[in-house]
>>> print(open('entry.csv').read())   # CSV, C-alpha atoms
chain,number,residue,atom,x,y,z
A,187,MET,CA,46.5,23.3,-12.3
A,188,LYS,CA,43.3,25.0,-13.3
A,189,SER,CA,43.2,23.2,-16.6
A,190,ILE,CA,43.6,19.8,-14.9
A,191,LEU,CA,40.8,20.7,-12.5
A,192,LYS,CA,38.6,21.8,-15.5
A,193,SER,CA,39.1,18.4,-17.2
A,194,VAL,CA,38.9,16.2,-14.1
A,195,LEU,CA,35.9,17.8,-12.4
A,196,PRO,CA,33.3,16.9,-15.0
A,197,VAL,CA,34.4,13.3,-15.0
A,198,PHE,CA,34.3,13.3,-11.2
A,199,PHE,CA,30.8,14.6,-11.2
A,200,LEU,CA,29.7,12.2,-13.9
A,201,LEU,CA,31.1,9.3,-12.0
A,202,ALA,CA,29.4,10.5,-8.8
A,203,PHE,CA,26.1,10.8,-10.7
A,204,ILE,CA,26.3,7.3,-12.3
A,205,SER,CA,27.1,5.8,-8.9
A,206,CYS,CA,23.8,7.2,-7.5
A,207,LYS,CA,20.5,5.4,-7.2
A,208,VAL,CA,17.2,7.1,-7.3
A,209,GLN,CA,14.6,6.3,-4.6
A,210,PHE,CA,10.9,7.0,-4.8
A,211,VAL,CA,9.7,4.5,-2.2
A,212,PRO,CA,11.2,3.3,1.1
A,213,GLU,CA,12.7,-0.1,1.6
A,214,TYR,CA,10.4,-3.0,2.4
A,215,ASN,CA,9.9,-3.5,6.1
A,216,ALA,CA,9.2,-7.2,7.1
A,217,GLU,CA,8.2,-6.1,10.7
A,218,ILE,CA,5.5,-3.8,9.4
A,219,SER,CA,4.3,-6.4,6.9
A,220,LYS,CA,3.9,-8.9,9.8
A,221,GLN,CA,2.1,-6.4,12.0
A,222,ILE,CA,-0.4,-5.6,9.2
A,223,ASP,CA,-1.1,-9.4,8.9
A,224,THR,CA,-1.5,-9.7,12.7
A,225,SER,CA,-3.9,-6.7,12.9
A,226,ALA,CA,-6.0,-8.1,10.0
A,227,LYS,CA,-6.3,-11.4,11.8
A,228,MET,CA,-7.3,-9.7,15.0
A,229,VAL,CA,-10.1,-7.9,13.2
A,230,ASP,CA,-11.3,-11.0,11.4
A,231,LYS,CA,-11.3,-13.0,14.7
A,232,LEU,CA,-13.3,-10.4,16.5
A,233,TYR,CA,-16.0,-10.2,13.8
A,234,LEU,CA,-16.2,-14.0,13.3
A,235,GLU,CA,-16.5,-14.6,17.0
A,236,MET,CA,-19.3,-12.1,17.2
A,237,LEU,CA,-21.1,-13.7,14.3
A,238,GLU,CA,-20.6,-17.3,15.3
A,239,THR,CA,-20.9,-17.2,19.1
A,240,THR,CA,-23.5,-14.6,19.9
A,241,MET,CA,-27.0,-13.3,19.0
A,242,PRO,CA,-27.3,-9.6,18.0
A,243,GLU,CA,-28.8,-8.7,21.4
A,244,GLN,CA,-25.9,-10.4,23.3
A,245,ARG,CA,-23.3,-8.1,21.7
A,246,GLU,CA,-22.9,-5.5,24.4
A,247,PHE,CA,-20.1,-3.2,23.4
A,248,ALA,CA,-18.4,-3.5,26.8
A,249,LYS,CA,-17.9,-7.2,26.1
A,250,TYR,CA,-15.7,-6.4,23.0
A,251,ALA,CA,-14.2,-3.1,24.1
A,252,LYS,CA,-10.8,-4.6,24.9
A,253,GLU,CA,-10.5,-6.2,21.5
A,254,TYR,CA,-11.5,-3.0,19.7
A,255,VAL,CA,-8.9,-1.1,21.7
A,256,ALA,CA,-6.2,-3.8,21.0
A,257,VAL,CA,-6.7,-3.4,17.3
A,258,GLU,CA,-6.7,0.4,17.6
A,259,VAL,CA,-3.4,0.2,19.4
A,260,GLU,CA,-1.9,-1.9,16.6
A,261,LEU,CA,-3.2,0.6,14.0
A,262,ASN,CA,-1.8,3.5,15.9
A,263,SER,CA,1.5,1.7,16.1
A,264,LEU,CA,1.5,1.0,12.4
A,265,LEU,CA,0.7,4.6,11.6
A,266,ASN,CA,3.5,5.9,13.8
A,267,LYS,CA,6.0,3.4,12.2
A,268,ASN,CA,4.8,4.4,8.7
A,269,LYS,CA,5.0,8.2,9.4
A,270,ILE,CA,8.7,8.1,10.4
A,271,ARG,CA,9.8,6.4,7.2
A,272,PRO,CA,10.9,8.8,4.5
A,273,LEU,CA,9.1,8.7,1.1
A,274,ASN,CA,6.2,6.8,2.7
A,275,GLU,CA,3.3,9.2,2.3
A,276,HIS,CA,1.1,6.7,0.4
A,277,SER,CA,1.3,3.9,3.1
A,278,THR,CA,0.9,6.5,5.8
A,279,LYS,CA,-2.3,7.7,4.1
A,280,ILE,CA,-3.7,4.2,3.8
A,281,CYS,CA,-3.0,3.6,7.4
A,282,GLU,CA,-4.7,6.8,8.5
A,283,ILE,CA,-7.8,5.9,6.5
A,284,THR,CA,-7.9,2.4,8.0
A,285,LEU,CA,-7.5,3.7,11.5
A,286,LYS,CA,-10.3,6.3,10.9
A,287,LYS,CA,-12.6,3.5,9.7
A,288,TRP,CA,-11.8,1.2,12.7
A,289,ILE,CA,-12.7,4.1,15.1
A,290,LYS,CA,-15.9,4.7,13.1
A,291,TYR,CA,-16.9,1.0,13.3
A,292,LYS,CA,-16.1,0.8,17.0
A,293,GLN,CA,-18.2,3.9,17.7
A,294,GLU,CA,-21.0,2.4,15.5
A,295,HIS,CA,-21.1,-0.8,17.6
A,296,LYS,CA,-21.2,1.3,20.8
A,297,ASN,CA,-24.0,3.6,19.6
A,298,GLU,CA,-26.0,0.9,17.9
A,299,TYR,CA,-26.1,-1.2,21.1
A,300,GLU,CA,-26.9,1.7,23.3
A,301,THR,CA,-29.8,2.8,21.2
A,302,SER,CA,-31.3,-0.5,20.0
A,303,GLY,CA,-30.0,-3.1,22.5
A,304,SER,CA,-28.5,-5.1,19.7
A,305,TYR,CA,-25.8,-5.1,17.1
A,306,PRO,CA,-27.0,-6.6,13.7
A,307,ASN,CA,-25.3,-9.4,11.8
A,308,GLY,CA,-25.5,-7.2,8.6
A,309,ASN,CA,-23.3,-4.5,10.1
A,310,ILE,CA,-20.7,-7.1,11.2
A,311,LYS,CA,-20.7,-8.8,7.8
A,312,ILE,CA,-20.2,-5.6,5.8
A,313,ASN,CA,-17.6,-4.1,8.2
A,314,ARG,CA,-15.6,-7.3,8.1
A,315,VAL,CA,-15.3,-7.2,4.3
A,316,TYR,CA,-14.4,-3.5,4.3
A,317,MET,CA,-11.7,-3.9,7.0
A,318,ARG,CA,-10.3,-6.9,5.1
A,319,ASP,CA,-9.9,-4.7,2.0
A,320,PHE,CA,-8.4,-1.8,3.8
A,321,PHE,CA,-5.7,-4.2,5.2
A,322,ASN,CA,-5.4,-5.6,1.7
A,323,ALA,CA,-4.5,-2.1,0.3
A,324,MET,CA,-2.0,-1.7,3.1
A,325,ILE,CA,-0.2,-5.0,2.5
A,326,ILE,CA,-0.2,-4.5,-1.3
A,327,ALA,CA,1.6,-1.1,-0.8
A,328,GLU,CA,4.2,-2.7,1.5
A,329,ASN,CA,4.7,-5.7,-0.8
A,330,ALA,CA,5.4,-3.4,-3.8
A,331,LYS,CA,8.5,-2.2,-1.9
A,332,LYS,CA,9.5,-5.8,-1.3
A,333,ILE,CA,9.5,-6.6,-5.0
A,334,ILE,CA,11.7,-3.7,-5.8
A,335,SER,CA,14.2,-4.3,-3.0
A,336,GLU,CA,14.6,-7.9,-4.1
A,337,GLU,CA,15.0,-7.1,-7.8
A,338,GLU,CA,17.5,-4.3,-7.2
A,339,ASN,CA,19.7,-6.4,-4.9
B,54,MET,CA,37.4,8.2,-25.5
B,55,ASP,CA,35.1,5.6,-27.1
B,56,PHE,CA,31.7,6.6,-26.0
B,57,ASP,CA,28.7,6.2,-28.3
B,58,LEU,CA,25.9,8.4,-26.9
B,59,ASN,CA,23.2,7.2,-29.3
B,60,GLU,CA,23.9,3.5,-28.5
B,61,THR,CA,24.0,4.3,-24.8
B,62,LEU,CA,20.7,6.2,-25.0
B,63,ALA,CA,19.1,3.4,-26.9
B,64,ASP,CA,20.3,0.9,-24.3
B,65,MET,CA,18.9,3.1,-21.5
B,66,LEU,CA,15.6,3.3,-23.2
B,67,GLY,CA,15.6,-0.5,-23.6
B,68,ALA,CA,16.3,-0.9,-19.9
B,69,ILE,CA,13.4,1.5,-19.0
B,70,LYS,CA,11.0,-0.3,-21.3
B,71,GLY,CA,12.1,-3.7,-20.0
B,72,ALA,CA,11.7,-2.7,-16.3
B,73,VAL,CA,8.2,-1.2,-17.0
B,74,SER,CA,6.9,-4.0,-19.1
B,75,ASP,CA,8.3,-6.7,-16.7
B,76,ASN,CA,6.3,-5.1,-13.8
B,77,TRP,CA,3.3,-3.9,-15.7
B,78,ASP,CA,1.4,-7.1,-14.8
B,79,GLU,CA,1.8,-6.2,-11.2
B,80,VAL,CA,-0.3,-3.0,-11.7
B,81,ARG,CA,-2.8,-4.8,-13.9
B,82,SER,CA,-3.4,-7.7,-11.6
B,83,THR,CA,-3.7,-5.5,-8.6
B,84,ALA,CA,-6.2,-3.2,-10.4
B,85,ASN,CA,-8.2,-6.2,-11.5
B,86,GLN,CA,-8.2,-7.6,-7.9
B,87,PHE,CA,-9.5,-4.3,-6.6
B,88,ILE,CA,-12.3,-4.2,-9.2
B,89,GLU,CA,-13.3,-7.8,-8.4
B,90,ARG,CA,-13.4,-7.1,-4.7
B,91,ARG,CA,-15.4,-3.9,-5.3
B,92,LYS,CA,-18.0,-6.0,-7.2
B,93,GLU,CA,-18.1,-8.5,-4.3
B,94,ARG,CA,-18.5,-5.7,-1.7
B,95,LEU,CA,-21.2,-3.8,-3.6
B,96,ASN,CA,-23.1,-7.0,-4.2
B,97,LEU,CA,-23.0,-7.9,-0.5
B,98,LEU,CA,-24.0,-4.4,0.4
B,99,ALA,CA,-27.1,-4.5,-1.9
B,100,GLU,CA,-28.0,-8.0,-0.7
B,101,LEU,CA,-27.8,-6.9,2.9
B,102,ARG,CA,-29.9,-3.8,2.3
B,103,LEU,CA,-32.5,-5.7,0.2
B,104,ALA,CA,-32.8,-8.4,3.0
B,105,LYS,CA,-33.1,-5.5,5.5
B,106,GLU,CA,-30.1,-6.8,7.4
B,107,ILE,CA,-28.7,-3.3,7.5
B,108,SER,CA,-30.4,0.0,7.9
B,109,GLU,CA,-30.7,2.8,5.3
B,110,GLU,CA,-28.3,4.9,7.4
B,111,LYS,CA,-25.7,2.1,7.5
B,112,PHE,CA,-26.1,1.6,3.7
B,113,LEU,CA,-25.4,5.3,3.0
B,114,SER,CA,-22.5,5.3,5.5
B,115,THR,CA,-21.0,2.3,3.8
B,116,LEU,CA,-21.1,4.1,0.5
B,117,GLU,CA,-18.9,6.7,2.1
B,118,ASP,CA,-16.5,3.9,3.2
B,119,GLU,CA,-16.4,2.8,-0.4
B,120,LYS,CA,-15.0,6.2,-1.5
B,121,ASP,CA,-12.3,6.0,1.2
B,122,LEU,CA,-11.4,2.5,0.2
B,123,LEU,CA,-11.0,3.6,-3.4
B,124,GLU,CA,-8.6,6.3,-2.2
B,125,ALA,CA,-6.6,3.7,-0.2
B,126,GLU,CA,-6.4,1.4,-3.2
B,127,LEU,CA,-5.2,4.3,-5.4
B,128,HIS,CA,-2.5,5.0,-2.9
B,129,ALA,CA,-1.5,1.3,-3.1
B,130,ILE,CA,-1.3,1.5,-6.9
B,131,ALA,CA,0.7,4.7,-6.6
B,132,VAL,CA,3.3,2.8,-4.5
B,133,ILE,CA,3.6,0.0,-7.2
B,134,SER,CA,3.9,2.7,-10.0
B,135,LYS,CA,6.6,4.6,-8.1
B,136,ALA,CA,8.5,1.3,-7.4
B,137,ILE,CA,8.4,0.5,-11.1
B,138,ALA,CA,9.6,4.0,-11.9
B,139,GLN,CA,12.4,3.6,-9.4
B,140,LYS,CA,13.5,0.3,-10.9
B,141,ALA,CA,13.4,1.7,-14.5
B,142,ALA,CA,15.4,4.9,-13.6
B,143,ASN,CA,18.0,2.8,-11.8
B,144,ALA,CA,18.3,0.4,-14.7
B,145,ALA,CA,18.9,3.3,-17.0
B,146,ILE,CA,21.5,4.9,-14.7
B,147,ASP,CA,23.3,1.5,-14.4
B,148,ILE,CA,23.5,1.3,-18.3
B,149,LEU,CA,25.0,4.9,-18.4
B,150,GLY,CA,27.4,4.1,-15.6
B,151,LYS,CA,28.7,1.0,-17.3
B,152,ALA,CA,29.1,2.7,-20.7
B,153,VAL,CA,31.0,5.7,-19.1
B,154,LYS,CA,33.2,3.4,-17.0
B,155,ALA,CA,34.0,1.3,-20.1
B,156,ALA,CA,34.9,4.4,-22.1
B,157,LEU,CA,37.1,5.7,-19.3
B,158,SER,CA,38.9,2.4,-18.9
B,159,ALA,CA,39.6,2.4,-22.7
B,160,ALA,CA,40.9,5.9,-22.6
B,161,LEU,CA,43.3,5.4,-19.6
>>> encode(input="entry.csv", output="structure tokens")
Amino acid sequence: MKSILKSVLPVFFLLAFISCKVQFVPEYNAEISKQIDTSAKMVDKLYLEMLETTMPEQREFAKYAKEYVAVEVELNSLLNKNKIRPLNEHSTKICEITLKKWIKYKQEHKNEYETSGSYPNGNIKINRVYMRDFFNAMIIAENAKKIISEEEN
Amino acid sequence: MDFDLNETLADMLGAIKGAVSDNWDEVRSTANQFIERRKERLNLLAELRLAKEISEEKFLSTLEDEKDLLEAELHAIAVISKAIAQKAANAAIDILGKAVKAALSAAL
């Protein structure tokens, strides 16, 4: 009996090993991908509206506070969804950095208007480009998982 | 049992090379896109500062954002690299599995 086990066990373990798949990144999540796109559009809309419809001195923070908060809620939600996915530390970190920047830009608008009575076009233009590219990094990280999921199936 | 380890290892190596080279363009095009966007941002930043559309404080603060964005982009490239490594490792394991199963079938 022992000799049978000795010869069968290695084959069993080898078969078990070759049936395994390694995983370094989580599966692609279409819901998260869509939410990143929606959040990026919300930010773009907010900044374009500010630029196109108001003069710097008309940009009281209070007028835009709800939209800033709405984006922050989306980013918090994205961060929580990313955090609970195993093997997802890179996307989580990108999301953390993006949220930190959004809070910084929100605070900048508030402080700038309180101290100078205006919020300059230049700040909006540059913040818009940076937020676009933070979202771009987020979507590229998510899409990389999509490519692998499609190719392995 | 008819199992040629050298041939299997060569096939596994071929599968790894294939998976990496097939996906290498993904890393290269993403890195190029990040570089192009960096040029565009820094150009805009310089223009805005020279035209005095942003303050010195905002200029310096944005340079800090640039560092954080570089970190975010490196994380994105890390995901692509890990995904390629995953594909390559699984392709090699598949080759080994098929070779062992074929040898076992022949032996039984």
>>> residues_around(input="entry.csv", residues="segment 56-68 of chain B", least_positions_apart="6", cutoff="9 Å", atoms="all atoms listed in the file", output="PDB file with C-alpha atoms, keeping the file's coordinate frame")
ATOM      1  CA  ALA B 141      13.400   1.700 -14.500  1.00  0.00           C
ATOM      2  CA  ALA B 142      15.400   4.900 -13.600  1.00  0.00           C
ATOM      3  CA  ALA B 144      18.300   0.400 -14.700  1.00  0.00           C
ATOM      4  CA  ALA B 145      18.900   3.300 -17.000  1.00  0.00           C
ATOM      5  CA  ILE B 146      21.500   4.900 -14.700  1.00  0.00           C
ATOM      6  CA  ASP B 147      23.300   1.500 -14.400  1.00  0.00           C
ATOM      7  CA  ILE B 148      23.500   1.300 -18.300  1.00  0.00           C
ATOM      8  CA  LEU B 149      25.000   4.900 -18.400  1.00  0.00           C
ATOM      9  CA  ALA B 152      29.100   2.700 -20.700  1.00  0.00           C
ATOM     10  CA  VAL B 153      31.000   5.700 -19.100  1.00  0.00           C
ATOM     11  CA  ALA B 155      34.000   1.300 -20.100  1.00  0.00           C
ATOM     12  CA  ALA B 156      34.900   4.400 -22.100  1.00  0.00           C
ATOM     13  CA  LEU B 157      37.100   5.700 -19.300  1.00  0.00           C
TER      14      LEU B 157
END
>>> closest_residue(input="entry.csv", among="B:Lys105, B:Lys70, B:Lys111, B:Lys120", to="Arg91 of chain B", atoms="all atoms listed in the file")
B:Lys120
>>> closest_atom_pairs(input="entry.csv", of="chain A", to="chain B", cutoff="8 Å", atoms="all atoms listed in the file", output="tab-separated table")
residue	atom	partner	partner_atom	distance
A:Leu201	CA	B:Gly150	CA	7.3
A:Ile204	CA	B:Gly150	CA	4.7
A:Ser205	CA	B:Gly150	CA	6.9
A:Cys206	CA	B:Ile146	CA	7.9
A:Lys207	CA	B:Asn143	CA	5.8
A:Val208	CA	B:Asn143	CA	6.3
A:Gln209	CA	B:Gln139	CA	5.9
A:Phe210	CA	B:Gln139	CA	5.9
A:Val211	CA	B:Ala136	CA	6.2
A:His276	CA	B:His128	CA	5.2
A:Ser277	CA	B:His128	CA	7.2
A:Lys279	CA	B:Ala125	CA	7.3
A:Ile280	CA	B:Ala125	CA	5.0
A:Ile283	CA	B:Asp121	CA	7.0
A:Lys287	CA	B:Asp118	CA	7.6
A:Pro306	CA	B:Glu106	CA	7.0
A:Asn307	CA	B:Glu106	CA	7.0
A:Gly308	CA	B:Glu106	CA	4.8
A:Asn309	CA	B:Ile107	CA	6.1
A:Ile312	CA	B:Leu98	CA	6.7
A:Val315	CA	B:Arg94	CA	7.0
A:Tyr316	CA	B:Arg94	CA	7.6
A:Asp319	CA	B:Leu122	CA	7.6
A:Phe320	CA	B:Leu122	CA	6.4
A:Ala323	CA	B:Glu126	CA	5.3
A:Met324	CA	B:Ala129	CA	6.9
A:Ile326	CA	B:Ala129	CA	6.2
A:Ala327	CA	B:Ala129	CA	4.5
A:Ala330	CA	B:Ile133	CA	5.1
A:Lys331	CA	B:Ala136	CA	6.5
A:Ile334	CA	B:Ala136	CA	6.1
A:Glu338	CA	B:Lys140	CA	7.1
>>> closest_residue(input="entry.csv", among="A:Met317, A:Ile289, A:Glu243, A:Glu235", to="Glu258 of chain A", atoms="all atoms listed in the file")
A:Ile289
>>> atom_distance(input="entry.csv", atom1="atom CA of Val255 of chain A", atom2="atom CA of Met236 of chain A")
15.8 Å
>>> atom_distance(input="entry.csv", atom1="atom CA of Lys292 of chain A", atom2="atom CA of Leu261 of chain A")
13.2 Å
>>> atom_distance(input="entry.csv", atom1="atom CA of Gly71 of chain B", atom2="atom CA of Asn329 of chain A")
20.7 Å
>>> closest_residue(input="entry.csv", among="A:Ile270, A:Leu232, A:Ala248, A:Leu285", to="Glu300 of chain A", atoms="only C-alpha atoms")
A:Ala248
>>> closest_residue(input="entry.csv", among="A:Lys227, A:Thr240, A:Leu265, A:Phe247", to="Asn297 of chain A", atoms="only C-alpha atoms")
A:Phe247
>>> closest_residue(input="entry.csv", among="A:Arg314, A:Lys252, A:Arg245, A:Lys220", to="Leu264 of chain A", atoms="only C-alpha atoms")
A:Lys220
>>> decode(input="entry.csv", residues="segment 78-127 of chain B", atoms="C-alpha atoms", output="tab-separated table (two decimals), in the first residue's frame")
chain	number	residue	atom	x	y	z
B	78	ASP	CA	3.84	47.05	-27.08
B	79	GLU	CA	1.26	47.68	-24.37
B	80	VAL	CA	3.99	48.79	-21.95
B	81	ARG	CA	5.83	50.80	-24.59
B	82	SER	CA	2.76	52.63	-25.92
B	83	THR	CA	1.56	53.42	-22.40
B	84	ALA	CA	4.99	54.74	-21.36
B	85	ASN	CA	5.13	56.87	-24.53
B	86	GLN	CA	1.66	58.23	-23.87
B	87	PHE	CA	2.69	59.18	-20.32
B	88	ILE	CA	5.80	60.96	-21.64
B	89	GLU	CA	3.78	62.89	-24.24
B	90	ARG	CA	1.22	63.94	-21.66
B	91	ARG	CA	4.04	65.01	-19.30
B	92	LYS	CA	5.48	67.26	-22.05
B	93	GLU	CA	2.02	68.75	-22.67
B	94	ARG	CA	1.43	69.42	-18.95
B	95	LEU	CA	4.83	70.96	-18.29
B	96	ASN	CA	4.47	73.12	-21.39
B	97	LEU	CA	1.07	74.35	-20.20
B	98	LEU	CA	2.43	74.92	-16.69
B	99	ALA	CA	5.33	77.03	-18.01
B	100	GLU	CA	3.00	78.99	-20.33
B	101	LEU	CA	0.56	79.74	-17.54
B	102	ARG	CA	3.33	80.91	-15.22
B	103	LEU	CA	5.00	83.05	-17.90
B	104	ALA	CA	1.63	84.64	-18.71
B	105	LYS	CA	1.15	85.15	-14.93
B	106	GLU	CA	-2.12	83.19	-15.10
B	107	ILE	CA	-0.97	81.21	-12.06
B	108	SER	CA	0.95	82.35	-8.99
B	109	GLU	CA	4.46	81.23	-8.02
B	110	GLU	CA	2.89	79.29	-5.14
B	111	LYS	CA	0.53	77.45	-7.51
B	112	PHE	CA	3.43	76.76	-9.88
B	113	LEU	CA	5.48	75.12	-7.10
B	114	SER	CA	2.45	73.26	-5.78
B	115	THR	CA	1.79	71.83	-9.27
B	116	LEU	CA	5.36	70.55	-9.48
B	117	GLU	CA	4.54	68.50	-6.36
B	118	ASP	CA	1.44	67.17	-8.18
B	119	GLU	CA	3.73	66.16	-11.04
B	120	LYS	CA	5.70	63.90	-8.68
B	121	ASP	CA	2.50	62.28	-7.45
B	122	LEU	CA	1.27	61.79	-11.00
B	123	LEU	CA	4.54	60.08	-11.92
B	124	GLU	CA	3.99	57.72	-8.98
B	125	ALA	CA	0.42	56.99	-10.17
B	126	GLU	CA	1.66	56.31	-13.71
B	127	LEU	CA	4.36	53.94	-12.43
